[in-house]
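Report on the following structure.
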Amino acid sequence: MKIFLDSANLDELKKGMSWGIVDGVTTNPTLIAKEGRPFQEHIREICGIVEGDVSAEVVSTEASKMVSEGRELAKIHRNVVVKCPLTRDGIMATSALSKQGIRVNVTLCFTAGQALLAAKAGAYIVSPFVGRLDDIGYTGMDLVRSITQIYKNYGFKTQILAASLRSPTHVIDAALAGAQIGTMPFKVLDMLFNHPLTDRGLDQFLKDWAKVFQEAPVAG
Ligand code: E4P
């Protein structure tokens, strides 16, 4: 599963990239607004930091305007993936942009039926929002599982990006469900490293080593 950071914060993105495990980025209007910088300039800067897909969302709500906006966003950098919401207009725009060779991430997907429409429209990515479904009492991951099965049944090429992941368990379950991509806040990515037995084990190894040797062996 590819790991994307769900963040528009440049420091977080630089840190994630330095770990060598980040494959791309998703942003949304809320995350961009938090950074308080000109949108296109900020997306360009993100593309300079991250080698991989960078989703940038349209804010128009009418199909033809989404298409114009999407075309402009796609010009920023070859790695930009245009994000359109899963509305009637969003699906129309997805279909038009996809036919023009522009890659679209259809966002705000909350049912398998919506995901079917995104695939039919030629979406490059569909984003089911797991955490937001959990928030209202559903099991969000069931949606990822259903979409995986439906896309497999018909050989749809649209990639499933498990979004709104709020915990390491969400990330593991998304991988088990077969999502091609999981996007997560920096905090969740950071938490994936942790286990008390890793810390305890390393501490013991180093103590045992130090009882016999004074220095680390020199490589080579
Ligand atoms: C994905 O593209 C969205 O930006 C994101 O995952 C939403 O997450 P949230 O529900 O935690 O805000």
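Chain identifiers are assigned as A, B, and so on, following the order in which chains appear in the structure tokens; residues are numbered from 1 within each chain, and ligands are numbered from 1 in order of appearance.
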
- Message: Give me, as JSON, numbers by chain, the set of residues whose atoms come within 8 Å of any atom of ligand 1, counting only C-alpha atoms and all ligand atoms.
- Response: {"A": [6, 7, 26, 27, 28, 31, 55, 107, 108, 127, 129, 130, 131, 132, 162, 163, 164, 165, 166, 183, 184, 185]}

For the selection you just gave me, I'd like the residues written to a file as a short mmCIF file (atom, residue, chain, number, x, y, z; two decimals), in the first residue's frame, keeping all heavy atoms.
```
data_model
loop_
_atom_site.label_atom_id
_atom_site.label_comp_id
_atom_site.auth_asym_id
_atom_site.auth_seq_id
_atom_site.Cartn_x
_atom_site.Cartn_y
_atom_site.Cartn_z
N ASP A 6 -1.63 13.22 4.60
CA ASP A 6 -2.81 14.07 4.44
C ASP A 6 -2.48 15.38 5.16
O ASP A 6 -2.86 15.59 6.31
CB ASP A 6 -4.00 13.36 5.10
CG ASP A 6 -5.33 13.98 4.73
OD1 ASP A 6 -5.46 14.49 3.60
OD2 ASP A 6 -6.25 13.96 5.57
N SER A 7 -1.73 16.21 4.46
CA SER A 7 -1.22 17.42 5.11
C SER A 7 -0.78 18.41 4.04
O SER A 7 -0.35 18.00 2.96
CB SER A 7 -0.01 17.05 5.99
OG SER A 7 0.63 18.21 6.47
N THR A 26 -2.09 14.13 0.02
CA THR A 26 -3.44 14.62 -0.27
C THR A 26 -3.62 15.93 0.49
O THR A 26 -3.15 16.07 1.63
CB THR A 26 -4.53 13.63 0.17
OG1 THR A 26 -4.28 13.20 1.52
CG2 THR A 26 -4.57 12.41 -0.73
N THR A 27 -4.28 16.88 -0.17
CA THR A 27 -4.66 18.10 0.54
C THR A 27 -6.16 18.27 0.33
O THR A 27 -6.76 17.58 -0.50
CB THR A 27 -3.94 19.34 -0.04
OG1 THR A 27 -4.42 19.58 -1.38
CG2 THR A 27 -2.43 19.17 -0.05
N ASN A 28 -6.75 19.14 1.11
CA ASN A 28 -8.14 19.53 0.89
C ASN A 28 -8.23 21.01 1.24
O ASN A 28 -7.28 21.58 1.80
CB ASN A 28 -9.10 18.63 1.68
CG ASN A 28 -8.91 18.73 3.20
OD1 ASN A 28 -8.67 19.82 3.72
ND2 ASN A 28 -8.99 17.61 3.90
N LEU A 31 -7.20 21.90 4.83
CA LEU A 31 -5.76 21.79 5.11
C LEU A 31 -4.99 22.94 4.46
O LEU A 31 -4.05 23.49 5.06
CB LEU A 31 -5.22 20.44 4.61
CG LEU A 31 -5.75 19.19 5.31
CD1 LEU A 31 -5.32 17.92 4.57
CD2 LEU A 31 -5.27 19.13 6.76
N SER A 55 -2.53 15.56 -4.44
CA SER A 55 -3.92 15.90 -4.76
C SER A 55 -4.22 17.34 -4.36
O SER A 55 -3.92 17.75 -3.23
CB SER A 55 -4.88 14.98 -4.01
OG SER A 55 -4.90 13.70 -4.58
N THR A 107 -13.26 12.66 -4.37
CA THR A 107 -13.21 12.72 -2.91
C THR A 107 -14.60 12.77 -2.29
O THR A 107 -15.59 12.92 -2.99
CB THR A 107 -12.35 13.94 -2.48
OG1 THR A 107 -12.12 13.87 -1.07
CG2 THR A 107 -13.01 15.26 -2.81
N LEU A 108 -14.64 12.62 -0.98
CA LEU A 108 -15.89 12.63 -0.22
C LEU A 108 -16.80 11.48 -0.64
O LEU A 108 -18.00 11.66 -0.85
CB LEU A 108 -16.60 13.99 -0.35
CG LEU A 108 -15.89 15.17 0.32
CD1 LEU A 108 -16.51 16.51 -0.10
CD2 LEU A 108 -15.91 15.05 1.85
N SER A 127 -11.64 8.29 -3.13
CA SER A 127 -11.27 8.43 -1.72
C SER A 127 -12.44 8.17 -0.77
O SER A 127 -13.24 9.07 -0.49
CB SER A 127 -10.74 9.84 -1.45
OG SER A 127 -9.52 10.05 -2.09
N PHE A 129 -13.94 7.93 2.82
CA PHE A 129 -13.56 8.57 4.08
C PHE A 129 -13.94 7.69 5.26
O PHE A 129 -15.07 7.70 5.74
CB PHE A 129 -14.28 9.92 4.21
CG PHE A 129 -13.60 11.07 3.52
CD1 PHE A 129 -13.00 10.91 2.27
CD2 PHE A 129 -13.57 12.33 4.10
CE1 PHE A 129 -12.37 11.97 1.64
CE2 PHE A 129 -12.95 13.40 3.48
CZ PHE A 129 -12.36 13.23 2.25
N VAL A 130 -12.98 6.93 5.75
CA VAL A 130 -13.24 5.94 6.80
C VAL A 130 -13.63 6.60 8.14
O VAL A 130 -14.67 6.29 8.73
CB VAL A 130 -11.98 5.05 6.98
CG1 VAL A 130 -12.13 4.10 8.16
CG2 VAL A 130 -11.73 4.26 5.69
N GLY A 131 -12.79 7.49 8.63
CA GLY A 131 -13.01 8.07 9.97
C GLY A 131 -14.32 8.83 10.08
O GLY A 131 -15.00 8.76 11.11
N ARG A 132 -14.68 9.54 9.01
CA ARG A 132 -15.92 10.32 9.09
C ARG A 132 -17.15 9.40 9.14
O ARG A 132 -18.19 9.79 9.70
CB ARG A 132 -16.02 11.30 7.92
CG ARG A 132 -14.98 12.39 8.03
CD ARG A 132 -15.20 13.54 7.09
NE ARG A 132 -13.99 14.37 7.07
CZ ARG A 132 -13.90 15.54 6.48
NH1 ARG A 132 -14.95 16.06 5.86
NH2 ARG A 132 -12.77 16.23 6.52
N ALA A 162 -7.71 4.96 0.81
CA ALA A 162 -8.42 5.01 2.10
C ALA A 162 -8.06 6.33 2.77
O ALA A 162 -6.89 6.59 3.08
CB ALA A 162 -8.02 3.83 2.96
N ALA A 163 -9.08 7.17 2.97
CA ALA A 163 -8.86 8.52 3.51
C ALA A 163 -9.52 8.63 4.88
O ALA A 163 -10.22 7.73 5.32
CB ALA A 163 -9.43 9.56 2.56
N SER A 164 -9.23 9.77 5.52
CA SER A 164 -9.78 10.01 6.85
C SER A 164 -9.38 8.88 7.80
O SER A 164 -10.17 8.38 8.57
CB SER A 164 -11.32 10.16 6.75
OG SER A 164 -11.90 10.56 7.94
N LEU A 165 -8.10 8.47 7.69
CA LEU A 165 -7.56 7.44 8.59
C LEU A 165 -7.08 8.15 9.84
O LEU A 165 -6.33 9.11 9.76
CB LEU A 165 -6.39 6.69 7.92
CG LEU A 165 -6.72 5.96 6.60
CD1 LEU A 165 -5.48 5.26 6.05
CD2 LEU A 165 -7.86 4.96 6.79
N ARG A 166 -7.52 7.68 10.99
CA ARG A 166 -7.25 8.43 12.23
C ARG A 166 -6.32 7.71 13.19
O ARG A 166 -6.02 8.24 14.26
CB ARG A 166 -8.58 8.68 12.94
CG ARG A 166 -9.65 9.33 12.07
CD ARG A 166 -9.68 10.82 12.25
NE ARG A 166 -10.63 11.47 11.37
CZ ARG A 166 -11.95 11.51 11.58
NH1 ARG A 166 -12.46 10.92 12.64
NH2 ARG A 166 -12.73 12.14 10.73
N THR A 183 -4.04 7.43 3.09
CA THR A 183 -3.55 8.77 3.41
C THR A 183 -3.83 9.06 4.87
O THR A 183 -4.89 8.71 5.39
CB THR A 183 -4.14 9.86 2.48
OG1 THR A 183 -3.38 11.06 2.66
CG2 THR A 183 -5.62 10.16 2.76
N MET A 184 -2.85 9.67 5.53
CA MET A 184 -2.98 9.85 6.98
C MET A 184 -2.32 11.14 7.43
O MET A 184 -1.36 11.61 6.78
CB MET A 184 -2.34 8.66 7.71
CG MET A 184 -0.86 8.55 7.46
SD MET A 184 -0.25 6.85 7.60
CE MET A 184 -0.86 6.11 6.10
N PRO A 185 -2.79 11.70 8.55
CA PRO A 185 -2.11 12.87 9.10
C PRO A 185 -0.70 12.46 9.55
O PRO A 185 -0.46 11.28 9.84
CB PRO A 185 -2.97 13.26 10.31
CG PRO A 185 -4.23 12.51 10.18
CD PRO A 185 -3.96 11.31 9.34
#
```

- Residues at most 8 Å from stretch 71-73 of chain A, counting only C-alpha atoms, excluding those fewer than 2 positions away in the same chain, as number ranges by chain? A: 40, 56, 67-69, 75-77, 80, 82, 97, 102

Convert the current residue selection to file output with all heavy atoms, as a PDB file, in the first residue's frame.
```
ATOM      1  N   GLN A  40      -2.002  28.095  -5.338  1.00  0.00           N
ATOM      2  CA  GLN A  40      -1.198  27.475  -6.409  1.00  0.00           C
ATOM      3  C   GLN A  40       0.282  27.454  -6.052  1.00  0.00           C
ATOM      4  O   GLN A  40       0.977  26.467  -6.301  1.00  0.00           O
ATOM      5  CB  GLN A  40      -1.418  28.231  -7.719  1.00  0.00           C
ATOM      6  CG  GLN A  40      -2.879  28.187  -8.166  1.00  0.00           C
ATOM      7  CD  GLN A  40      -3.028  28.079  -9.667  1.00  0.00           C
ATOM      8  OE1 GLN A  40      -2.060  28.046 -10.405  1.00  0.00           O
ATOM      9  NE2 GLN A  40      -4.264  28.017 -10.138  1.00  0.00           N
ATOM     10  N   ALA A  56      -4.822  18.079  -5.302  1.00  0.00           N
ATOM     11  CA  ALA A  56      -5.220  19.474  -5.044  1.00  0.00           C
ATOM     12  C   ALA A  56      -6.689  19.596  -5.451  1.00  0.00           C
ATOM     13  O   ALA A  56      -7.059  19.235  -6.576  1.00  0.00           O
ATOM     14  CB  ALA A  56      -4.350  20.417  -5.857  1.00  0.00           C
ATOM     15  N   VAL A  67     -14.024  21.944 -14.241  1.00  0.00           N
ATOM     16  CA  VAL A  67     -13.137  21.522 -15.328  1.00  0.00           C
ATOM     17  C   VAL A  67     -12.066  22.593 -15.576  1.00  0.00           C
ATOM     18  O   VAL A  67     -10.873  22.293 -15.641  1.00  0.00           O
ATOM     19  CB  VAL A  67     -13.928  21.215 -16.621  1.00  0.00           C
ATOM     20  CG1 VAL A  67     -12.999  20.979 -17.804  1.00  0.00           C
ATOM     21  CG2 VAL A  67     -14.822  19.989 -16.413  1.00  0.00           C
ATOM     22  N   SER A  68     -12.501  23.876 -15.657  1.00  0.00           N
ATOM     23  CA  SER A  68     -11.501  24.948 -15.890  1.00  0.00           C
ATOM     24  C   SER A  68     -10.516  24.995 -14.735  1.00  0.00           C
ATOM     25  O   SER A  68      -9.304  25.097 -14.940  1.00  0.00           O
ATOM     26  CB  SER A  68     -12.162  26.333 -15.989  1.00  0.00           C
ATOM     27  OG  SER A  68     -13.311  26.265 -16.748  1.00  0.00           O
ATOM     28  N   GLU A  69     -11.051  24.909 -13.503  1.00  0.00           N
ATOM     29  CA  GLU A  69     -10.174  24.954 -12.335  1.00  0.00           C
ATOM     30  C   GLU A  69      -9.194  23.771 -12.345  1.00  0.00           C
ATOM     31  O   GLU A  69      -8.004  23.924 -12.080  1.00  0.00           O
ATOM     32  CB  GLU A  69     -11.041  24.906 -11.071  1.00  0.00           C
ATOM     33  CG  GLU A  69     -10.510  25.749  -9.939  1.00  0.00           C
ATOM     34  CD  GLU A  69     -11.327  25.524  -8.675  1.00  0.00           C
ATOM     35  OE1 GLU A  69     -12.575  25.610  -8.738  1.00  0.00           O
ATOM     36  OE2 GLU A  69     -10.718  25.250  -7.646  1.00  0.00           O
ATOM     37  N   LYS A  75      -1.867  22.125 -14.491  1.00  0.00           N
ATOM     38  CA  LYS A  75      -0.715  22.782 -15.140  1.00  0.00           C
ATOM     39  C   LYS A  75       0.386  23.101 -14.133  1.00  0.00           C
ATOM     40  O   LYS A  75       1.519  23.375 -14.513  1.00  0.00           O
ATOM     41  CB  LYS A  75      -1.171  24.102 -15.794  1.00  0.00           C
ATOM     42  CG  LYS A  75      -1.859  23.923 -17.124  1.00  0.00           C
ATOM     43  CD  LYS A  75      -2.197  25.289 -17.715  1.00  0.00           C
ATOM     44  CE  LYS A  75      -3.315  25.177 -18.738  1.00  0.00           C
ATOM     45  NZ  LYS A  75      -4.039  26.451 -18.909  1.00  0.00           N
ATOM     46  N   ILE A  76       0.069  23.092 -12.845  1.00  0.00           N
ATOM     47  CA  ILE A  76       1.064  23.487 -11.832  1.00  0.00           C
ATOM     48  C   ILE A  76       2.280  22.569 -11.870  1.00  0.00           C
ATOM     49  O   ILE A  76       3.412  23.013 -11.812  1.00  0.00           O
ATOM     50  CB  ILE A  76       0.439  23.480 -10.407  1.00  0.00           C
ATOM     51  CG1 ILE A  76      -0.702  24.500 -10.325  1.00  0.00           C
ATOM     52  CG2 ILE A  76       1.495  23.772  -9.347  1.00  0.00           C
ATOM     53  CD1 ILE A  76      -1.444  24.480  -8.991  1.00  0.00           C
ATOM     54  N   HIS A  77       2.016  21.262 -11.963  1.00  0.00           N
ATOM     55  CA  HIS A  77       3.112  20.273 -11.919  1.00  0.00           C
ATOM     56  C   HIS A  77       2.576  18.952 -12.443  1.00  0.00           C
ATOM     57  O   HIS A  77       1.401  18.633 -12.250  1.00  0.00           O
ATOM     58  CB  HIS A  77       3.601  20.121 -10.462  1.00  0.00           C
ATOM     59  CG  HIS A  77       4.888  19.371 -10.324  1.00  0.00           C
ATOM     60  ND1 HIS A  77       4.961  18.001 -10.348  1.00  0.00           N
ATOM     61  CD2 HIS A  77       6.163  19.806 -10.162  1.00  0.00           C
ATOM     62  CE1 HIS A  77       6.229  17.614 -10.196  1.00  0.00           C
ATOM     63  NE2 HIS A  77       6.983  18.695 -10.083  1.00  0.00           N
ATOM     64  N   VAL A  80       0.478  16.721 -10.072  1.00  0.00           N
ATOM     65  CA  VAL A  80      -0.799  17.136  -9.477  1.00  0.00           C
ATOM     66  C   VAL A  80      -1.937  16.225  -9.943  1.00  0.00           C
ATOM     67  O   VAL A  80      -2.071  15.940 -11.135  1.00  0.00           O
ATOM     68  CB  VAL A  80      -1.126  18.611  -9.819  1.00  0.00           C
ATOM     69  CG1 VAL A  80      -2.568  18.948  -9.447  1.00  0.00           C
ATOM     70  CG2 VAL A  80      -0.171  19.558  -9.098  1.00  0.00           C
ATOM     71  N   VAL A  82      -6.025  16.164  -9.718  1.00  0.00           N
ATOM     72  CA  VAL A  82      -7.125  17.087  -9.411  1.00  0.00           C
ATOM     73  C   VAL A  82      -8.183  16.364  -8.582  1.00  0.00           C
ATOM     74  O   VAL A  82      -8.604  15.259  -8.926  1.00  0.00           O
ATOM     75  CB  VAL A  82      -7.751  17.624 -10.717  1.00  0.00           C
ATOM     76  CG1 VAL A  82      -8.971  18.489 -10.421  1.00  0.00           C
ATOM     77  CG2 VAL A  82      -6.715  18.389 -11.530  1.00  0.00           C
ATOM     78  N   LEU A  97     -12.541  15.703 -17.379  1.00  0.00           N
ATOM     79  CA  LEU A  97     -11.095  15.851 -17.142  1.00  0.00           C
ATOM     80  C   LEU A  97     -10.357  14.559 -17.492  1.00  0.00           C
ATOM     81  O   LEU A  97      -9.290  14.586 -18.105  1.00  0.00           O
ATOM     82  CB  LEU A  97     -10.831  16.242 -15.672  1.00  0.00           C
ATOM     83  CG  LEU A  97     -11.205  17.681 -15.298  1.00  0.00           C
ATOM     84  CD1 LEU A  97     -11.256  17.856 -13.775  1.00  0.00           C
ATOM     85  CD2 LEU A  97     -10.219  18.681 -15.908  1.00  0.00           C
ATOM     86  N   ILE A 102      -6.410  14.184 -17.770  1.00  0.00           N
ATOM     87  CA  ILE A 102      -6.072  14.749 -16.453  1.00  0.00           C
ATOM     88  C   ILE A 102      -6.536  13.770 -15.375  1.00  0.00           C
ATOM     89  O   ILE A 102      -7.681  13.292 -15.392  1.00  0.00           O
ATOM     90  CB  ILE A 102      -6.714  16.141 -16.278  1.00  0.00           C
ATOM     91  CG1 ILE A 102      -6.042  17.108 -17.268  1.00  0.00           C
ATOM     92  CG2 ILE A 102      -6.599  16.646 -14.833  1.00  0.00           C
ATOM     93  CD1 ILE A 102      -6.637  18.489 -17.313  1.00  0.00           C
TER      94      ILE A 102
END
```

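Secondary structure from DSSP on the backbone puts strand (DSSP E or B) at the following positions of stretch 97-210 of chain A: Val104, Asn105, Val106, Thr107, Leu108, Cys109, Ile125, Val126, Ser127, Pro128, Phe129, Gln159, Ile160, Leu161, Ala162, Ala163, Ile181, Gly182, Thr183 and Met184 of chain A.
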
- Query: In terms of the shortest atom-to-atom distance over only C-alpha atoms, which of A:Leu86, A:Val104, A:Val59, A:Ala96 is closest to A:Ala74?
  - Reply: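 Of A:Leu86, A:Val104, A:Val59, A:Ala96, the one nearest A:Ala74 is A:Val104, counting only C-alpha atoms.
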
Excluding same-chain residues fewer than 2 positions from A:Ile181, what lies within 10 Å of it counting only C-alpha atoms, as a tab-separated table (two decimals) with all heavy atoms, in the first residue's frame?
```tsv
chain	number	residue	atom	x	y	z
A	1	MET	N	0.85	-1.21	0.00
A	1	MET	CA	0.00	0.00	0.00
A	1	MET	C	0.87	1.24	0.00
A	1	MET	O	1.81	1.34	0.79
A	1	MET	CB	-0.89	-0.01	1.25
A	1	MET	CG	-1.89	1.16	1.28
A	1	MET	SD	-3.09	1.01	2.62
A	1	MET	CE	-2.12	1.50	4.03
A	2	LYS	N	0.57	2.18	-0.89
A	2	LYS	CA	1.30	3.45	-0.86
A	2	LYS	C	0.87	4.25	0.36
A	2	LYS	O	-0.31	4.22	0.74
A	2	LYS	CB	0.99	4.25	-2.13
A	2	LYS	CG	1.67	3.70	-3.36
A	2	LYS	CD	1.42	4.63	-4.54
A	2	LYS	CE	2.09	4.06	-5.78
A	2	LYS	NZ	1.69	4.79	-6.98
A	3	ILE	N	1.84	4.98	0.91
A	3	ILE	CA	1.54	5.84	2.07
A	3	ILE	C	1.57	7.29	1.62
A	3	ILE	O	2.57	7.76	1.08
A	3	ILE	CB	2.56	5.59	3.20
A	3	ILE	CG1	2.31	4.21	3.81
A	3	ILE	CG2	2.51	6.69	4.25
A	3	ILE	CD1	3.18	3.88	5.01
A	4	PHE	N	0.45	7.98	1.80
A	4	PHE	CA	0.36	9.40	1.50
A	4	PHE	C	0.21	10.17	2.81
A	4	PHE	O	-0.41	9.66	3.76
A	4	PHE	CB	-0.86	9.71	0.62
A	4	PHE	CG	-0.70	9.38	-0.85
A	4	PHE	CD1	0.30	8.53	-1.31
A	4	PHE	CD2	-1.56	9.94	-1.79
A	4	PHE	CE1	0.43	8.22	-2.66
A	4	PHE	CE2	-1.45	9.64	-3.14
A	4	PHE	CZ	-0.45	8.79	-3.58
A	23	ASP	N	4.85	8.28	-0.25
A	23	ASP	CA	4.69	8.14	-1.69
A	23	ASP	C	3.88	9.26	-2.33
A	23	ASP	O	3.75	9.30	-3.55
A	23	ASP	CB	3.96	6.82	-2.00
A	23	ASP	CG	4.71	5.61	-1.44
A	23	ASP	OD1	5.86	5.39	-1.86
A	23	ASP	OD2	4.16	4.90	-0.57
A	24	GLY	N	3.27	10.12	-1.53
A	24	GLY	CA	2.45	11.17	-2.10
A	24	GLY	C	1.74	11.95	-1.02
A	24	GLY	O	1.94	11.72	0.18
A	125	ILE	N	-8.35	7.93	-8.99
A	125	ILE	CA	-8.40	7.55	-7.57
A	125	ILE	C	-9.80	7.82	-7.05
A	125	ILE	O	-10.45	8.78	-7.47
A	125	ILE	CB	-7.40	8.43	-6.75
A	125	ILE	CG1	-5.94	8.01	-7.01
A	125	ILE	CG2	-7.68	8.38	-5.25
A	125	ILE	CD1	-4.90	8.94	-6.37
A	126	VAL	N	-10.26	6.97	-6.11
A	126	VAL	CA	-11.46	7.30	-5.34
A	126	VAL	C	-11.07	7.32	-3.87
A	126	VAL	O	-10.26	6.51	-3.42
A	126	VAL	CB	-12.61	6.29	-5.60
A	126	VAL	CG1	-12.29	4.90	-5.05
A	126	VAL	CG2	-13.93	6.80	-5.02
A	127	SER	N	-11.64	8.29	-3.13
A	127	SER	CA	-11.27	8.43	-1.72
A	127	SER	C	-12.44	8.17	-0.77
A	127	SER	O	-13.24	9.07	-0.49
A	127	SER	CB	-10.74	9.84	-1.45
A	127	SER	OG	-9.52	10.05	-2.09
A	159	GLN	N	-7.84	3.57	-8.50
A	159	GLN	CA	-7.17	3.17	-7.26
A	159	GLN	C	-8.00	3.59	-6.04
A	159	GLN	O	-8.58	4.69	-6.03
A	159	GLN	CB	-5.81	3.83	-7.14
A	159	GLN	CG	-4.83	3.40	-8.21
A	159	GLN	CD	-3.52	4.14	-8.05
A	159	GLN	OE1	-2.72	3.84	-7.18
A	159	GLN	NE2	-3.32	5.15	-8.87
A	160	ILE	N	-8.02	2.74	-5.04
A	160	ILE	CA	-8.75	3.05	-3.81
A	160	ILE	C	-7.80	3.68	-2.82
A	160	ILE	O	-6.79	3.07	-2.43
A	160	ILE	CB	-9.39	1.78	-3.23
A	160	ILE	CG1	-10.32	1.14	-4.27
A	160	ILE	CG2	-10.14	2.09	-1.93
A	160	ILE	CD1	-10.72	-0.30	-3.94
A	161	LEU	N	-8.12	4.91	-2.44
A	161	LEU	CA	-7.29	5.64	-1.48
A	161	LEU	C	-8.09	5.75	-0.19
A	161	LEU	O	-9.09	6.47	-0.12
A	161	LEU	CB	-6.95	7.03	-2.04
A	161	LEU	CG	-6.06	7.96	-1.23
A	161	LEU	CD1	-5.36	8.97	-2.15
A	161	LEU	CD2	-6.81	8.71	-0.15
A	162	ALA	N	-7.71	4.96	0.81
A	162	ALA	CA	-8.42	5.01	2.10
A	162	ALA	C	-8.06	6.33	2.77
A	162	ALA	O	-6.89	6.59	3.08
A	162	ALA	CB	-8.02	3.83	2.96
A	163	ALA	N	-9.08	7.17	2.97
A	163	ALA	CA	-8.86	8.52	3.51
A	163	ALA	C	-9.52	8.63	4.88
A	163	ALA	O	-10.22	7.73	5.32
A	163	ALA	CB	-9.43	9.56	2.56
A	171	VAL	N	-4.85	2.26	9.48
A	171	VAL	CA	-3.89	2.06	8.38
A	171	VAL	C	-3.72	0.57	8.10
A	171	VAL	O	-3.76	0.13	6.94
A	171	VAL	CB	-2.52	2.71	8.73
A	171	VAL	CG1	-1.51	2.45	7.61
A	171	VAL	CG2	-2.68	4.22	8.99
A	174	ALA	N	-6.81	-0.82	6.45
A	174	ALA	CA	-6.92	-0.39	5.04
A	174	ALA	C	-6.01	-1.27	4.17
A	174	ALA	O	-6.39	-1.68	3.08
A	174	ALA	CB	-6.53	1.08	4.90
A	175	ALA	N	-4.82	-1.57	4.69
A	175	ALA	CA	-3.89	-2.43	3.94
A	175	ALA	C	-4.46	-3.84	3.81
A	175	ALA	O	-4.39	-4.46	2.75
A	175	ALA	CB	-2.52	-2.44	4.62
A	178	GLY	N	-7.03	-4.14	1.20
A	178	GLY	CA	-6.54	-4.09	-0.19
A	178	GLY	C	-6.55	-2.72	-0.83
A	178	GLY	O	-6.46	-2.61	-2.05
A	179	ALA	N	-6.66	-1.66	0.00
A	179	ALA	CA	-6.58	-0.30	-0.57
A	179	ALA	C	-5.19	-0.11	-1.20
A	179	ALA	O	-4.20	-0.57	-0.64
A	179	ALA	CB	-6.80	0.74	0.52
A	183	THR	N	-4.04	7.43	3.09
A	183	THR	CA	-3.55	8.77	3.41
A	183	THR	C	-3.83	9.06	4.87
A	183	THR	O	-4.89	8.71	5.39
A	183	THR	CB	-4.14	9.86	2.48
A	183	THR	OG1	-3.38	11.06	2.66
A	183	THR	CG2	-5.62	10.16	2.76
A	184	MET	N	-2.85	9.67	5.53
A	184	MET	CA	-2.98	9.85	6.98
A	184	MET	C	-2.32	11.14	7.43
A	184	MET	O	-1.36	11.61	6.78
A	184	MET	CB	-2.34	8.66	7.71
A	184	MET	CG	-0.86	8.55	7.46
A	184	MET	SD	-0.25	6.85	7.60
A	184	MET	CE	-0.86	6.11	6.10
```

- Which of these, A:Tyr138, A:Thr169, A:Asp203, A:Cys109, has the shortest distance to A:Met191 once you count only C-alpha atoms?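 Of A:Tyr138, A:Thr169, A:Asp203, A:Cys109, the one nearest A:Met191, counting only C-alpha atoms, is A:Thr169.
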
- Query: Could you name the residues that touch A:Asn9 at 12 Å or less, counting only C-alpha atoms, but leaving out those on the same chain fewer than 6 positions away, as an MDAnalysis selection string?
  - Reply: chainID A and resid 15:16 25:28 30:37 42:43 45:46 49:50 185:186

- Message: Give me the residues near A:Gly122 as a ChimeraX atom specification, where near means some atom within 12 Å (using only C-alpha atoms) and where sequence neighbours in that chain fewer than 3 positions away do not count.
- Response: /A:91-106,115-119,125-126,156-159

- Task: Write down as a PyMOL selection string the residues belonging to stretch 10-211 of chain A that are assigned alpha helix (DSSP H) by DSSP computed on the backbone.
- Result: chain A and resi 10-18+29-35+39-49+63-76+88-99+112-120+130-135+140-154+168-177+186-192+196-211

- Task: Extract, using only C-alpha atoms, all DNA, RNA and protein residues at most 8 Å from A:Leu192, discarding same-chain residues fewer than 3 positions from it, and format them as a PyMOL selection string.
- Result: chain A and resi 168+188-189

How would the residues just chosen look if you wrote them out with N, CA and C atoms as a short mmCIF file (atom, residue, chain, number, x, y, z; two decimals), in the first residue's frame?
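What landed in part10.cif:
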```cif
data_model
loop_
_atom_site.label_atom_id
_atom_site.label_comp_id
_atom_site.auth_asym_id
_atom_site.auth_seq_id
_atom_site.Cartn_x
_atom_site.Cartn_y
_atom_site.Cartn_z
N PRO A 168 -3.22 4.13 13.72
CA PRO A 168 -2.45 3.06 13.09
C PRO A 168 -3.33 1.85 12.75
N VAL A 188 -0.40 10.28 12.69
CA VAL A 188 -0.69 8.83 12.55
C VAL A 188 0.51 8.11 11.94
N LEU A 189 1.15 8.74 10.95
CA LEU A 189 2.34 8.12 10.35
C LEU A 189 3.42 7.94 11.42
#
```

- Counting only C-alpha atoms, figure out which residue out of A:Lys152, A:Cys84, A:Pro38, A:Asp142 gets nearest to A:Asp173.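 That would be A:Asp142, the residue with the smallest distance to A:Asp173.
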
- In Å and to one decimal, atom CA of A:Asp89 is distant from atom CA of A:Ala121 by 11.5 Å

- Query: What separation in Å, quoted to one decimal, exists between atom CA of A:Gln149 and atom CA of A:Asp134?
  - Reply: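 Interatomic distance, atom CA of A:Gln149 to atom CA of A:Asp134: 20.3 Å.
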
- For atom CA of A:Lys211 and atom CA of A:Leu197, the interatomic separation in Å (one decimal): 21.1 Å

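Restricting the calculation to only C-alpha atoms, the smallest distance between A:Ser64 and any of A:Pro85, A:Gly90, A:Gly52, A:Gly201 is found for A:Gly90.
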